[in-house]
file work_19.cif (mmCIF, C-alpha atoms)
data_final
#
loop_
_atom_site.label_atom_id
_atom_site.label_comp_id
_atom_site.auth_asym_id
_atom_site.auth_seq_id
_atom_site.Cartn_x
_atom_site.Cartn_y
_atom_site.Cartn_z
CA MET A 1 22.71 -16.98 24.65
CA SER A 2 21.46 -13.65 25.83
CA GLU A 3 21.57 -10.80 23.36
CA ILE A 4 23.02 -9.94 19.96
CA LYS A 5 23.85 -6.30 19.53
CA THR A 6 22.79 -5.64 15.95
CA HIS A 7 19.97 -3.61 14.51
CA VAL A 8 17.03 -4.51 12.33
CA ARG A 9 17.62 -3.83 8.66
CA ALA A 10 14.58 -3.13 6.51
CA VAL A 11 14.62 -1.96 2.91
CA SER A 12 11.95 -1.59 0.27
CA ASP A 13 12.35 -2.23 -3.43
CA LEU A 14 10.04 -0.06 -5.49
CA VAL A 15 10.83 -1.92 -8.68
CA ASP A 16 9.38 -5.26 -7.66
CA GLY A 17 7.11 -4.04 -4.87
CA SER A 18 8.77 -5.80 -1.97
CA VAL A 19 10.17 -5.19 1.48
CA VAL A 20 13.02 -7.21 2.95
CA ALA A 21 13.84 -7.01 6.65
CA SER A 22 16.24 -9.00 8.78
CA VAL A 23 17.21 -9.31 12.41
CA GLU A 24 19.62 -11.41 14.46
CA ILE A 25 18.18 -12.86 17.64
CA ALA A 26 20.03 -14.68 20.40
CA ARG A 27 17.63 -17.60 20.44
CA ALA A 28 17.35 -20.95 18.67
CA PRO A 29 15.42 -21.07 15.38
CA GLU A 30 12.80 -23.38 16.96
CA ARG A 31 11.94 -20.73 19.52
CA ILE A 32 11.65 -18.02 16.88
CA PHE A 33 9.56 -20.18 14.57
CA GLN A 34 7.09 -20.60 17.39
CA ALA A 35 6.72 -16.82 17.63
CA LEU A 36 6.04 -16.60 13.87
CA ALA A 37 3.32 -19.20 13.83
CA SER A 38 1.29 -18.75 16.98
CA ARG A 39 -0.82 -16.28 18.89
CA GLU A 40 2.47 -14.83 20.06
CA ILE A 41 2.19 -12.67 16.93
CA ILE A 42 -0.02 -10.24 18.84
CA ASP A 43 3.03 -9.39 20.96
CA TRP A 44 5.16 -8.32 18.03
CA TRP A 45 3.16 -7.57 14.83
CA VAL A 46 3.03 -4.03 16.05
CA ASN A 47 4.12 -0.64 14.81
CA PRO A 48 3.09 1.54 17.76
CA GLY A 49 0.40 4.10 16.94
CA VAL A 50 0.15 2.86 13.35
CA PHE A 51 -0.58 -0.82 13.34
CA ASP A 52 -1.55 -2.88 16.36
CA THR A 53 -2.44 -6.58 16.17
CA ARG A 54 -4.93 -7.69 18.84
CA GLU A 55 -6.12 -11.10 17.64
CA TRP A 56 -4.51 -13.90 15.68
CA SER A 57 -5.60 -17.38 14.74
CA GLY A 58 -4.11 -19.82 12.30
CA ASP A 59 -4.12 -23.39 11.13
CA VAL A 60 -0.38 -23.80 10.66
CA ARG A 61 -0.09 -26.35 7.85
CA VAL A 62 0.13 -26.04 4.07
CA GLY A 63 -3.24 -24.80 2.82
CA GLY A 64 -4.31 -23.76 6.33
CA ALA A 65 -5.84 -20.32 6.87
CA TRP A 66 -4.74 -17.58 9.23
CA SER A 67 -6.31 -14.31 10.24
CA ALA A 68 -5.22 -11.35 12.31
CA SER A 69 -7.13 -8.29 13.35
CA GLY A 70 -6.41 -5.09 15.15
CA MET A 71 -6.34 -1.35 14.82
CA ALA A 72 -4.45 0.69 12.25
CA ARG A 73 -4.44 4.45 12.82
CA GLY A 74 -7.62 4.13 14.88
CA ALA A 75 -9.53 2.03 12.35
CA PRO A 76 -10.21 -1.71 12.71
CA TYR A 77 -8.80 -4.07 10.08
CA THR A 78 -8.56 -7.79 9.43
CA LEU A 79 -5.74 -9.51 7.61
CA VAL A 80 -6.29 -12.94 6.12
CA GLY A 81 -4.17 -15.46 4.28
CA GLU A 82 -3.11 -19.01 3.76
CA PHE A 83 0.06 -20.93 4.61
CA LEU A 84 1.91 -21.94 1.46
CA GLU A 85 4.97 -23.56 3.00
CA VAL A 86 5.50 -24.75 6.57
CA ASP A 87 9.00 -26.07 7.21
CA PRO A 88 9.91 -25.58 10.88
CA PRO A 89 12.29 -24.22 11.99
CA ARG A 90 13.68 -22.99 8.66
CA LYS A 91 10.96 -21.52 6.51
CA LEU A 92 7.39 -20.26 6.65
CA VAL A 93 5.52 -18.80 3.67
CA GLN A 94 2.06 -17.32 3.84
CA THR A 95 -0.20 -15.13 1.73
CA TRP A 96 -1.30 -11.82 3.21
CA GLN A 97 -4.29 -9.73 2.25
CA MET A 98 -6.27 -6.94 3.84
CA LYS A 99 -9.80 -8.34 4.11
CA GLY A 100 -12.18 -6.65 1.70
CA MET A 101 -9.45 -5.19 -0.50
CA PRO A 102 -9.43 -6.03 -4.21
CA GLY A 103 -6.39 -7.45 -5.97
CA ALA A 104 -4.09 -10.40 -5.50
CA PRO A 105 -2.73 -11.12 -2.01
CA SER A 106 0.89 -10.36 -1.18
CA THR A 107 3.27 -13.00 0.14
CA VAL A 108 5.29 -13.08 3.36
CA THR A 109 8.29 -15.42 3.47
CA TYR A 110 10.22 -16.00 6.70
CA MET A 111 13.65 -17.62 6.48
CA LEU A 112 15.56 -18.67 9.57
CA GLU A 113 19.24 -19.54 9.58
CA THR A 114 21.50 -20.49 12.43
CA ILE A 115 24.35 -18.07 13.14
CA PRO A 116 26.91 -18.06 15.96
CA GLY A 117 24.99 -17.31 19.13
CA GLY A 118 21.54 -17.39 17.63
CA THR A 119 19.43 -17.07 14.51
CA ARG A 120 19.14 -14.68 11.61
CA LEU A 121 15.51 -14.13 10.65
CA THR A 122 14.80 -12.62 7.23
CA VAL A 123 11.33 -11.55 6.15
CA ARG A 124 10.52 -10.87 2.54
CA HIS A 125 7.12 -9.32 1.90
CA SER A 126 6.56 -9.37 -1.85
CA GLY A 127 3.81 -8.68 -4.36
CA LEU A 128 2.89 -5.41 -2.66
CA ALA A 129 2.16 -3.54 -5.91
CA ALA A 130 -1.45 -2.97 -6.95
CA PRO A 131 -2.47 -5.09 -9.97
CA ASP A 132 -2.27 -2.17 -12.41
CA GLN A 133 1.24 -1.49 -11.26
CA ARG A 134 2.31 -5.13 -11.41
CA ALA A 135 1.14 -5.45 -15.00
CA ASN A 136 3.71 -2.84 -15.92
CA VAL A 137 6.69 -4.33 -14.14
CA GLY A 138 9.47 -4.83 -16.67
CA ALA A 139 12.85 -3.69 -17.81
CA GLY A 140 11.77 -0.09 -18.18
CA TRP A 141 10.85 0.22 -14.56
CA ARG A 142 14.27 0.58 -13.08
CA THR A 143 14.83 3.61 -15.26
CA SER A 144 11.43 4.98 -14.31
CA PHE A 145 12.18 4.76 -10.64
CA GLU A 146 15.67 6.10 -10.95
CA GLN A 147 14.24 9.13 -12.70
CA LEU A 148 11.46 9.31 -10.18
CA ALA A 149 14.00 9.35 -7.39
CA GLU A 150 15.84 12.13 -9.13
CA ILE A 151 12.69 14.15 -9.68
CA MET A 152 11.78 13.64 -6.03
CA SER A 153 15.16 14.73 -4.77
CA THR A 154 15.17 17.98 -6.67
CA ALA A 155 11.49 18.96 -6.61
CA LYS A 156 11.03 21.87 -4.25
CA ARG A 157 7.46 22.36 -3.08
CA MET B 1 -2.26 1.07 0.73
CA SER B 2 -5.42 1.54 -1.30
CA ARG B 3 -5.58 0.80 -5.00
CA ILE B 4 -5.21 3.77 -7.32
CA PRO B 5 -7.65 3.87 -10.28
CA ALA B 6 -5.83 3.23 -13.57
CA LYS B 7 -6.72 6.63 -14.99
CA THR B 8 -4.85 8.46 -12.29
CA ASP B 9 -2.11 5.92 -11.75
CA ALA B 10 1.21 7.72 -11.41
CA PHE B 11 3.09 4.50 -12.18
CA ARG B 12 1.37 4.17 -15.53
CA ALA B 13 1.97 7.82 -16.29
CA ILE B 14 5.71 7.58 -15.76
CA ALA B 15 6.05 4.26 -17.63
CA ASP B 16 6.37 6.22 -20.87
CA PRO B 17 9.85 7.65 -21.61
CA THR B 18 8.48 10.76 -23.34
CA ARG B 19 6.35 11.58 -20.32
CA ARG B 20 9.35 11.14 -18.03
CA ALA B 21 11.28 13.48 -20.31
CA ILE B 22 8.44 16.00 -20.16
CA LEU B 23 8.45 15.82 -16.36
CA ASP B 24 12.20 16.31 -16.42
CA ARG B 25 11.82 19.35 -18.68
CA LEU B 26 9.11 20.83 -16.45
CA ARG B 27 11.38 20.49 -13.45
CA ALA B 28 13.49 23.21 -15.02
CA GLY B 29 10.46 25.50 -15.03
CA PRO B 30 6.84 25.81 -16.19
CA ALA B 31 6.13 25.63 -19.93
CA ASN B 32 3.17 25.58 -22.29
CA ALA B 33 2.32 22.80 -24.75
CA GLY B 34 3.76 24.74 -27.70
CA THR B 35 7.16 25.19 -26.04
CA LEU B 36 7.25 21.53 -25.02
CA ALA B 37 6.34 20.40 -28.56
CA ALA B 38 9.24 22.47 -29.93
CA ASP B 39 11.63 21.14 -27.26
CA PHE B 40 10.72 17.53 -28.01
CA ARG B 41 10.28 17.93 -31.76
CA SER B 42 6.85 16.36 -31.37
CA SER B 43 3.49 17.36 -32.74
CA ARG B 44 1.48 19.54 -30.45
CA PRO B 45 -1.42 17.00 -30.29
CA ALA B 46 1.07 14.29 -29.21
CA VAL B 47 2.43 16.51 -26.46
CA SER B 48 -1.09 17.47 -25.39
CA ARG B 49 -1.99 13.80 -25.11
CA HIS B 50 1.00 13.16 -22.82
CA LEU B 51 0.16 16.23 -20.78
CA ARG B 52 -3.39 14.99 -20.35
CA VAL B 53 -2.14 11.67 -18.92
CA LEU B 54 0.25 13.51 -16.60
CA ARG B 55 -2.52 15.87 -15.53
CA GLU B 56 -4.92 12.99 -14.81
CA ALA B 57 -2.23 11.37 -12.66
CA ARG B 58 -1.83 14.79 -11.01
CA LEU B 59 1.87 14.72 -11.82
CA VAL B 60 1.51 18.13 -13.46
CA VAL B 61 -0.81 21.00 -12.75
CA ASP B 62 -1.83 23.62 -15.28
CA THR B 63 -2.65 27.27 -14.87
CA LYS B 64 -4.42 29.34 -17.45
CA VAL B 65 -2.36 32.36 -18.48
CA GLY B 66 -4.23 34.39 -21.08
CA ARG B 67 -5.04 31.95 -23.88
CA GLU B 68 -2.29 29.53 -22.92
CA ARG B 69 -2.07 26.79 -20.33
CA LEU B 70 1.14 26.73 -18.36
CA TYR B 71 2.20 23.34 -17.03
CA GLU B 72 4.32 22.67 -13.98
CA VAL B 73 5.41 19.65 -11.92
CA ASN B 74 3.33 18.63 -8.93
CA SER B 75 5.50 16.44 -6.69
CA VAL B 76 2.78 15.24 -4.29
CA PRO B 77 1.66 12.06 -6.19
CA LEU B 78 5.30 11.12 -6.67
CA GLN B 79 5.68 11.11 -2.93
CA SER B 80 2.68 8.81 -2.58
CA VAL B 81 4.14 6.44 -5.17
CA ALA B 82 7.27 6.13 -3.08
CA GLY B 83 5.25 6.06 0.13
CA TRP B 84 2.97 3.07 -0.48
CA LEU B 85 5.79 0.66 0.38
CA GLU B 86 7.10 2.72 3.26
CA GLY B 87 4.23 1.68 5.54
CA TYR B 88 5.17 -1.96 5.12
CA ARG B 89 8.88 -1.25 5.54
CA ALA B 90 8.24 0.62 8.78
CA PHE B 91 5.90 -2.12 9.99
CA TRP B 92 8.46 -4.89 9.55
CA GLN B 93 11.23 -2.76 10.99
CA ALA B 94 9.24 -2.05 14.16
CA SER B 95 7.87 -5.58 14.43
CA LEU B 96 11.20 -7.38 14.12
CA MET B 97 12.68 -5.00 16.66
CA ARG B 98 9.89 -5.90 19.05
CA LEU B 99 10.22 -9.62 18.37
CA LYS B 100 13.94 -9.45 19.13
CA ARG B 101 13.36 -7.51 22.34
CA ASN B 102 10.57 -9.86 23.51
CA LEU B 103 12.56 -13.02 22.89
CA GLU B 104 15.88 -11.80 24.26
CA GLU B 105 14.34 -10.40 27.45
CA LYS B 106 12.85 -13.73 28.48
#

call {"tool": "encode", "arguments": {"input": "work_19.cif", "output": "structure tokens"}}
result
Amino acid sequence: MSEIKTHVRAVSDLVDGSVVASVEIARAPERIFQALASREIIDWWVNPGVFDTREWSGDVRVGGAWSASGMARGAPYTLVGEFLEVDPPRKLVQTWQMKGMPGAPSTVTYMLETIPGGTRLTVRHSGLAAPDQRANVGAGWRTSFEQLAEIMSTAKR
Amino acid sequence: MSRIPAKTDAFRAIADPTRRAILDRLRAGPANAGTLAADFRSSRPAVSRHLRVLREARLVVDTKVGRERLYEVNSVPLQSVAGWLEGYRAFWQASLMRLKRNLEEK
């Protein structure tokens, strides 16, 4: 196993306030799980210049707490949450909340599946809508967002 | 990623089909409340109420022309509605890329 030549796919769904991203990595699921649930996070929870994790600690068991802190656009932040499901090396679910922000926490779910030559890792980050927005989620929303997309694509400012 | 106060929430403003229709109509060009009421066969107070919600969400802006107020679409809040998820999408995209690179290099 050395390298899998595919790209990361990441899409957001405005209707239910979620992001789904996946990647194929030429390593065993056990090795990847370790990177998801350890201080190794500071080496990869990074979007350069935007979001930079410097510290991580976590009690990796169901009900255990985790916390990460760093700099986002020059300002310090702390993320906190709790592990909801710990099933190595297949699944890890944790809540995610910016410390000091109101509203319900979002949820990050990692799924790992074995593929030829490695592992496919899929992350689903859900519940990202603010509470006011979530209260409105329903059948009408798809239409709203389709129209919104149309308005956006033709608005000239 | 901050929470938007309900009064100015663009999501809430576009939840209503009439308000989406009004936004659609204003895309074609600015109009006053009277013209919109005629276009939608609604009462003028009903249209004014919708316009107030759209204005509070900053989805429309109004300009005073003589004794009338002319309404037009303001696309900026719509961009922020679409943008609040983009930060997370970009974060996971960059992070998974880095995770892959880190693990495959070693």

call {"tool": "atom_distance", "arguments": {"input": "work_19.cif", "atom1": "atom CA of B:Leu85", "atom2": "atom CA of A:Asp13"}}
result
8.1 Å

call {"tool": "residues_around", "arguments": {"input": "work_19.cif", "residues": "B:Arg19", "least_positions_apart": "3", "cutoff": "9 Å", "atoms": "all atoms listed in the file", "output": "list in words"}}
result
Ala13, Ile14, Ala15, Asp16, Ile22, Leu23, Asp24, Val47, His50, Leu51, Val53 and Leu54 of chain B

call {"tool": "interface_residues", "arguments": {"input": "work_19.cif", "of": "chain A", "to": "chain B", "cutoff": "6 Å", "atoms": "all atoms listed in the file", "output": "PyMOL selection string"}}
result
chain A and resi 3+10+19+25+44-47+130

call {"tool": "write_last_selection", "arguments": {"input": "work_19.cif", "atoms": "C-alpha atoms", "output": "compact mmCIF listing (two decimals), in the frame of the given file"}}
result
# COMPACT_ATOMS: atom_id res chain seq x y z
CA GLU A 3 21.57 -10.80 23.36
CA ALA A 10 14.58 -3.13 6.51
CA VAL A 19 10.17 -5.19 1.48
CA ILE A 25 18.18 -12.86 17.64
CA TRP A 44 5.16 -8.32 18.03
CA TRP A 45 3.16 -7.57 14.83
CA VAL A 46 3.03 -4.03 16.05
CA ASN A 47 4.12 -0.64 14.81
CA ALA A 130 -1.45 -2.97 -6.95

call {"tool": "atom_distance", "arguments": {"input": "work_19.cif", "atom1": "atom CA of A:Ala68", "atom2": "atom CA of A:Thr114"}}
result
28.2 Å

call {"tool": "residues_around", "arguments": {"input": "work_19.cif", "residues": "B:Leu36", "least_positions_apart": "5", "cutoff": "9 Å", "atoms": "all atoms listed in the file", "output": "PyMOL selection string"}}
result
chain B and resi 22+25-26+31+41-42+44+47

call {"tool": "resolve_selection", "arguments": {"input": "work_19.cif", "expression": "the PyMOL selection byres ((chain A and resi 116) around 12)", "output": "ChimeraX atom specification"}}
result
/A:1,3-4,24-29,113-115,117-120

call {"tool": "atom_distance", "arguments": {"input": "work_19.cif", "atom1": "atom CA of A:Val93", "atom2": "atom CA of A:Arg39"}}
result
16.7 Å

call {"tool": "axis_aligned_box", "arguments": {"input": "work_19.cif", "around": "stretch 102-111 of chain A", "padding_each_side": "5 Å", "output": "lines of an AutoDock Vina configuration file"}}
result
center_x = 2.1
center_y = -11.8
center_z = 0.4
size_x = 33.1
size_y = 21.6
size_z = 22.7

call {"tool": "residues_around", "arguments": {"input": "work_19.cif", "residues": "A:Trp66", "least_positions_apart": "5", "cutoff": "7 Å", "atoms": "all atoms listed in the file", "output": "list of chain:residue names"}}
result
A:Ser57, A:Gly58, A:Asp59, A:Val80, A:Gly81, A:Glu82

call {"tool": "closest_residue", "arguments": {"input": "work_19.cif", "among": "A:Arg90, A:Lys99, A:Arg31, A:His125", "to": "A:Gly17", "atoms": "all atoms listed in the file"}}
result
A:His125
